[in-house]
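The block underneath contains the structure these notes are about, expressed in structure tokens.
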Amino acid sequence: GEPETVFGASKVSANNTAFLKFGLAGFTWLASSGDVGPVLNPSACAKFDAEYPAASPYVVAVGGTALDKTTSDQHAWIHSSGGFSVFNKMPTFQKTKVQHYLDNASSLPSNPNGATYNTNNRAYPDVSGFGALEPVLANGSYEPVGGTSGACPQFAGVVAMINAYRYQHGLGPLGALGQTLYGLKNGVGTDVTLGQNYATSRFGCYGQYLPGFLATEGWDPATGLGSPKWSTLVEGLGSIKGSSAGKKDHHKRRHHDKKHNKKDEEFLPLN
């Protein structure tokens with residue numbers, strides 16, 4: 001992604017419309033939140049920008065966590081991007097959890113008269129995944145890499161597995177997922193409450209490294225709702241009504257399998 005102000009308001013609006021349409025068609029859009037904390041505005045370094053498309057209200061933004069070397073507890077990865085959109089208003093489904101954060105955070109980045117960031121706009125990330133020193137197999141050996149571009153595929157894999165589970169139970173795909181995640185009774189898995197991100201930029205503002213947002217109980221702009229846990233998510237998402245897209249095709253394929261005496265695949269495990 002890139003800072004929203006680099007995209008510009010018109011391109012952001014056009015892309016949002018496309019993301020919305022694909023969500024209604026049964027597709028789940030995900031994007032890495034970025035690796036520059038609450039990204040600094042390249043033309044006004046005292047202001048926070050936002051990474052796009054992660055800051056779209058029709059995309060699930062995935063931030064990054066790291067593990068404490070001593071306790072193995074998850075904490076916010078310092079480079080994980082998160083904050084508030086420049087152009088996109090906050091969707092209704094976010095307001096309660098985001099306001100709880102704003103009301104209870106022990107400290108927030110300086111924001112005189114709302115000049116640094118706009119807390120009325122879309123907040124991101126939505127969730128987070130392991131984003132530091134990830135072991136990746138390359139050329140026959142494992143190498144440590146980092147980035148939310150590694151965390152995002154992790155969550156995408158979880159979503160794909162849940163869609164497979166839903167398919168086996170006669171349900172359509174999840175489709176647009178943002179609103180659903182914020183409504184889950186038991187959350188998404190592990191609530192990450194340690195650490196914070198730091199603001200920098202890949203576009204100008206070089207050498208600046210400013211304190212960002214703290215991770216805390218509930219949603220926060222460092223780790224979102226937390227990191228996913230399979231058993232929690234499949235319990236929350238495995239039976240709810242999702243997109244109607246794909247249902248008709250699903251039943252046709254099931255009928256075809258039975259007609260040819262093909263054995264259904266085993267259901268995915270709950271744990």
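Ligands are numbered from 1 in the order shown, residues from 1 within each chain, and chains are lettered A, B, ... in the order they appear in the structure tokens.
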
Using only C-alpha atoms, I'd like a table of the residues in range 178-208 of chain A that come within 9 Å of range 107-131 of chain A; for each, show the closest atom pair and its distance in Å rounded to one decimal, ordered by chain and ascending number, as a tab-separated table.
```
residue	atom	partner	partner_atom	distance
A:Gly178	CA	A:Asp126	CA	7.5
A:Leu181	CA	A:Asp126	CA	8.1
A:Tyr182	CA	A:Asp126	CA	8.3
A:Val188	CA	A:Val127	CA	7.9
A:Val192	CA	A:Ser128	CA	8.8
```

Which residues, written as a ChimeraX atom specification, have at least one atom at most 12 Å from range 67-73 of chain A, with only C-alpha atoms counted and residues fewer than 2 positions away on the same chain left out?
/A:64-65,75-78,129-134,190-195,227

Take the residues from that selection and put them in a file with C-alpha atoms, as an mmCIF file, in the first residue's frame.
```cif
data_model
loop_
_atom_site.group_PDB
_atom_site.id
_atom_site.type_symbol
_atom_site.label_atom_id
_atom_site.label_comp_id
_atom_site.auth_asym_id
_atom_site.auth_seq_id
_atom_site.Cartn_x
_atom_site.Cartn_y
_atom_site.Cartn_z
ATOM 1 C CA GLY A 64 1.618 -7.063 13.103
ATOM 2 C CA THR A 65 2.651 -8.462 16.466
ATOM 3 C CA HIS A 75 2.996 -7.448 21.854
ATOM 4 C CA ALA A 76 2.466 -4.820 19.201
ATOM 5 C CA TRP A 77 5.218 -4.802 16.588
ATOM 6 C CA ILE A 78 6.725 -1.304 16.713
ATOM 7 C CA GLY A 129 -0.870 -11.469 13.138
ATOM 8 C CA PHE A 130 2.730 -12.449 13.748
ATOM 9 C CA GLY A 131 4.831 -9.860 11.912
ATOM 10 C CA ALA A 132 8.384 -10.029 13.274
ATOM 11 C CA LEU A 133 11.118 -12.583 12.580
ATOM 12 C CA GLU A 134 8.754 -14.894 10.747
ATOM 13 C CA THR A 190 -5.975 -13.233 21.659
ATOM 14 C CA ASP A 191 -6.370 -9.645 22.832
ATOM 15 C CA VAL A 192 -2.895 -8.082 22.550
ATOM 16 C CA THR A 193 -2.434 -5.502 25.306
ATOM 17 C CA LEU A 194 1.321 -4.825 25.302
ATOM 18 C CA GLY A 195 3.576 -2.550 23.244
ATOM 19 C CA SER A 227 -4.613 -11.853 16.838
#
```

Please identify the strand (DSSP E or B) residues within range 52-183 of chain A (assignment by DSSP from backbone atoms) and present them as a ChimeraX atom specification.
/A:52,60-67,74-76,83-89,121-124,127-130,134-138,141-145

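Using only C-alpha atoms, the contacts of Leu20 in chain A at a cut-off of 12 Å, with sequence neighbours closer than 6 positions omitted, comprise Ser13, Ala14, Gly26, Phe27, Thr28, Trp29, Ser56, Pro57, Tyr58, Val59, Val60, Gly175, Ala176, Leu177 and Gly178 of chain A.
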
Just the selected residues (N, CA, C and O atoms), exported as a JSON list (two decimals), in the first residue's frame, please.
```json
[["chain", "number", "residue", "atom", "x", "y", "z"],
["A", 13, "SER", "N", -11.94, 6.81, -3.24],
["A", 13, "SER", "CA", -13.38, 6.64, -3.35],
["A", 13, "SER", "C", -13.73, 5.58, -4.40],
["A", 13, "SER", "O", -14.60, 4.72, -4.17],
["A", 14, "ALA", "N", -13.06, 5.62, -5.55],
["A", 14, "ALA", "CA", -13.34, 4.65, -6.61],
["A", 14, "ALA", "C", -12.98, 3.23, -6.18],
["A", 14, "ALA", "O", -13.73, 2.28, -6.43],
["A", 26, "GLY", "N", -19.31, -11.86, -2.29],
["A", 26, "GLY", "CA", -18.81, -13.00, -1.55],
["A", 26, "GLY", "C", -17.31, -13.04, -1.33],
["A", 26, "GLY", "O", -16.79, -13.99, -0.74],
["A", 27, "PHE", "N", -16.60, -12.01, -1.80],
["A", 27, "PHE", "CA", -15.15, -11.97, -1.62],
["A", 27, "PHE", "C", -14.80, -11.22, -0.33],
["A", 27, "PHE", "O", -15.44, -10.23, 0.01],
["A", 28, "THR", "N", -13.77, -11.69, 0.36],
["A", 28, "THR", "CA", -13.26, -11.00, 1.53],
["A", 28, "THR", "C", -11.95, -10.33, 1.17],
["A", 28, "THR", "O", -10.99, -11.00, 0.79],
["A", 29, "TRP", "N", -11.91, -9.01, 1.25],
["A", 29, "TRP", "CA", -10.69, -8.26, 0.94],
["A", 29, "TRP", "C", -9.88, -8.06, 2.22],
["A", 29, "TRP", "O", -10.40, -7.62, 3.24],
["A", 56, "SER", "N", -9.33, 1.42, 4.02],
["A", 56, "SER", "CA", -10.67, 1.36, 3.43],
["A", 56, "SER", "C", -11.62, 0.67, 4.40],
["A", 56, "SER", "O", -11.27, -0.35, 5.00],
["A", 57, "PRO", "N", -12.83, 1.18, 4.57],
["A", 57, "PRO", "CA", -13.79, 0.53, 5.46],
["A", 57, "PRO", "C", -14.30, -0.80, 4.93],
["A", 57, "PRO", "O", -14.97, -1.54, 5.65],
["A", 58, "TYR", "N", -14.00, -1.11, 3.67],
["A", 58, "TYR", "CA", -14.46, -2.35, 3.05],
["A", 58, "TYR", "C", -13.35, -3.39, 2.93],
["A", 58, "TYR", "O", -13.50, -4.40, 2.23],
["A", 59, "VAL", "N", -12.25, -3.15, 3.62],
["A", 59, "VAL", "CA", -11.10, -4.05, 3.63],
["A", 59, "VAL", "C", -10.78, -4.41, 5.07],
["A", 59, "VAL", "O", -10.87, -3.56, 5.96],
["A", 60, "VAL", "N", -10.42, -5.65, 5.33],
["A", 60, "VAL", "CA", -9.95, -6.05, 6.65],
["A", 60, "VAL", "C", -8.45, -5.78, 6.70],
["A", 60, "VAL", "O", -7.67, -6.35, 5.94],
["A", 175, "GLY", "N", -17.68, -13.26, 2.72],
["A", 175, "GLY", "CA", -17.80, -11.98, 2.02],
["A", 175, "GLY", "C", -17.21, -10.85, 2.84],
["A", 175, "GLY", "O", -16.21, -11.01, 3.55],
["A", 176, "ALA", "N", -17.82, -9.68, 2.75],
["A", 176, "ALA", "CA", -17.36, -8.51, 3.51],
["A", 176, "ALA", "C", -17.36, -8.87, 5.00],
["A", 176, "ALA", "O", -18.39, -9.22, 5.56],
["A", 177, "LEU", "N", -16.22, -8.75, 5.65],
["A", 177, "LEU", "CA", -16.03, -9.33, 6.98],
["A", 177, "LEU", "C", -15.90, -8.32, 8.10],
["A", 177, "LEU", "O", -16.05, -8.67, 9.28],
["A", 178, "GLY", "N", -15.62, -7.06, 7.76],
["A", 178, "GLY", "CA", -15.32, -6.08, 8.79],
["A", 178, "GLY", "C", -16.37, -5.97, 9.87],
["A", 178, "GLY", "O", -16.09, -6.10, 11.06]]
```

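When CA of Leu237 in chain A is paired with CA of Met90 in chain A, their separation reads 23.2 Å.
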
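One finds CA of Asn104 in chain A at 10.2 Å from CA of Gly218 in chain A.
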
If you run DSSP on the backbone here, which positions in range 30-218 of chain A get alpha helix (DSSP H)? Please write them as a PyMOL selection string.
chain A and resi 95-104+148-168+178-182

Could you please take those selected residues and save C-alpha atoms as a PDB file, in the first residue's frame?
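As written to disk, selection_37.pdb reads:
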```
ATOM      1  CA  LYS A  95     -17.633   3.374  16.754  1.00  0.00           C
ATOM      2  CA  THR A  96     -18.290   1.702  20.104  1.00  0.00           C
ATOM      3  CA  LYS A  97     -14.985  -0.160  20.336  1.00  0.00           C
ATOM      4  CA  VAL A  98     -12.905   2.724  19.005  1.00  0.00           C
ATOM      5  CA  GLN A  99     -14.542   5.189  21.391  1.00  0.00           C
ATOM      6  CA  HIS A 100     -13.790   2.832  24.269  1.00  0.00           C
ATOM      7  CA  TYR A 101     -10.130   2.991  23.293  1.00  0.00           C
ATOM      8  CA  LEU A 102     -10.111   6.771  23.018  1.00  0.00           C
ATOM      9  CA  ASP A 103     -11.848   7.153  26.378  1.00  0.00           C
ATOM     10  CA  ASN A 104      -9.604   4.717  28.263  1.00  0.00           C
ATOM     11  CA  THR A 148       2.609  -7.077   8.014  1.00  0.00           C
ATOM     12  CA  SER A 149       2.797  -8.459   4.471  1.00  0.00           C
ATOM     13  CA  GLY A 150       3.551 -11.731   6.265  1.00  0.00           C
ATOM     14  CA  ALA A 151       0.844 -11.281   8.884  1.00  0.00           C
ATOM     15  CA  CYS A 152      -1.886 -10.643   6.317  1.00  0.00           C
ATOM     16  CA  PRO A 153      -1.530 -14.003   4.483  1.00  0.00           C
ATOM     17  CA  GLN A 154      -1.687 -15.742   7.859  1.00  0.00           C
ATOM     18  CA  PHE A 155      -5.121 -14.264   8.515  1.00  0.00           C
ATOM     19  CA  ALA A 156      -6.147 -14.874   4.902  1.00  0.00           C
ATOM     20  CA  GLY A 157      -5.388 -18.569   5.440  1.00  0.00           C
ATOM     21  CA  VAL A 158      -7.652 -18.614   8.485  1.00  0.00           C
ATOM     22  CA  VAL A 159     -10.464 -16.972   6.507  1.00  0.00           C
ATOM     23  CA  ALA A 160     -10.031 -19.519   3.702  1.00  0.00           C
ATOM     24  CA  MET A 161     -10.243 -22.406   6.189  1.00  0.00           C
ATOM     25  CA  ILE A 162     -13.394 -20.964   7.744  1.00  0.00           C
ATOM     26  CA  ASN A 163     -14.969 -20.560   4.303  1.00  0.00           C
ATOM     27  CA  ALA A 164     -14.127 -24.229   3.619  1.00  0.00           C
ATOM     28  CA  TYR A 165     -15.745 -25.189   6.924  1.00  0.00           C
ATOM     29  CA  ARG A 166     -18.825 -23.156   6.009  1.00  0.00           C
ATOM     30  CA  TYR A 167     -18.970 -24.787   2.569  1.00  0.00           C
ATOM     31  CA  GLN A 168     -18.994 -28.211   4.181  1.00  0.00           C
ATOM     32  CA  GLY A 178     -15.319  -6.077   8.788  1.00  0.00           C
ATOM     33  CA  GLN A 179     -18.682  -5.547  10.456  1.00  0.00           C
ATOM     34  CA  THR A 180     -18.889  -9.202  11.458  1.00  0.00           C
ATOM     35  CA  LEU A 181     -15.528  -9.163  13.239  1.00  0.00           C
ATOM     36  CA  TYR A 182     -16.530  -6.222  15.422  1.00  0.00           C
TER      37      TYR A 182
END
```

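Considering only C-alpha atoms, the residue among A:Pro42, A:Pro135, A:Val62, A:Pro53 positioned nearest to Pro221 in chain A is A:Val62.
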
Residue neighbourhood Gly34 in chain A, 8 Å, only C-alpha atoms, exclusion window fewer than 6 positions, as a PDB file with N, CA and C atoms, in the first residue's frame:
```
ATOM      1  N   GLY A   1       0.801  -1.193   0.000  1.00  0.00           N
ATOM      2  CA  GLY A   1       0.000   0.000   0.000  1.00  0.00           C
ATOM      3  C   GLY A   1       0.849   1.264   0.000  1.00  0.00           C
ATOM      4  N   GLU A  51      -2.239   4.190   5.763  1.00  0.00           N
ATOM      5  CA  GLU A  51      -1.888   3.276   4.678  1.00  0.00           C
ATOM      6  C   GLU A  51      -3.158   2.827   3.962  1.00  0.00           C
ATOM      7  N   ALA A  54      -5.455  -0.497   3.314  1.00  0.00           N
ATOM      8  CA  ALA A  54      -5.822  -0.955   4.656  1.00  0.00           C
ATOM      9  C   ALA A  54      -6.842  -0.040   5.322  1.00  0.00           C
ATOM     10  N   GLY A  63      -2.666  -5.944  11.043  1.00  0.00           N
ATOM     11  CA  GLY A  63      -1.440  -5.397  11.603  1.00  0.00           C
ATOM     12  C   GLY A  63      -0.487  -6.494  12.039  1.00  0.00           C
ATOM     13  N   HIS A  79       6.737  -1.448  14.261  1.00  0.00           N
ATOM     14  CA  HIS A  79       6.606  -0.897  12.913  1.00  0.00           C
ATOM     15  C   HIS A  79       5.209  -1.085  12.316  1.00  0.00           C
ATOM     16  N   SER A  80       4.333  -1.772  13.019  1.00  0.00           N
ATOM     17  CA  SER A  80       3.009  -2.068  12.475  1.00  0.00           C
ATOM     18  C   SER A  80       2.193  -0.784  12.315  1.00  0.00           C
ATOM     19  N   SER A  81       1.692  -0.561  11.112  1.00  0.00           N
ATOM     20  CA  SER A  81       0.916   0.662  10.852  1.00  0.00           C
ATOM     21  C   SER A  81      -0.486   0.554  11.421  1.00  0.00           C
ATOM     22  N   GLY A  82      -0.982   1.683  11.859  1.00  0.00           N
ATOM     23  CA  GLY A  82      -2.334   1.761  12.394  1.00  0.00           C
ATOM     24  C   GLY A  82      -2.636   3.185  12.811  1.00  0.00           C
ATOM     25  N   GLY A 147       7.264  -8.171   8.748  1.00  0.00           N
ATOM     26  CA  GLY A 147       6.368  -7.286   8.010  1.00  0.00           C
ATOM     27  C   GLY A 147       4.926  -7.721   8.115  1.00  0.00           C
ATOM     28  N   THR A 148       4.023  -6.748   8.016  1.00  0.00           N
ATOM     29  CA  THR A 148       2.609  -7.077   8.014  1.00  0.00           C
ATOM     30  C   THR A 148       2.204  -7.771   6.713  1.00  0.00           C
ATOM     31  N   SER A 149       3.067  -7.712   5.696  1.00  0.00           N
ATOM     32  CA  SER A 149       2.797  -8.459   4.471  1.00  0.00           C
ATOM     33  C   SER A 149       2.970  -9.955   4.705  1.00  0.00           C
TER      34      SER A 149
END
```

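Proximity to Cys205 in chain A was assessed for A:Glu217, A:Leu40, A:Gly238, A:Val136 counting only C-alpha atoms; the smallest distance is recorded for A:Leu40.
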
Set the distance at 7 Å and use only C-alpha atoms: which residues neighbour Tyr52 in chain A once local chain neighbours fewer than 6 positions away are removed? I'd like the list as a PyMOL selection string.
chain A and resi 1-4

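Closest approach to Phe48 in chain A from the set A:Phe19, A:Tyr142, A:Phe93, A:Tyr198 is made by A:Tyr198, with distances taken over only C-alpha atoms.
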
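Across the model, the gap from CA of Thr216 in chain A to CA of Gly146 in chain A is 22.5 Å.
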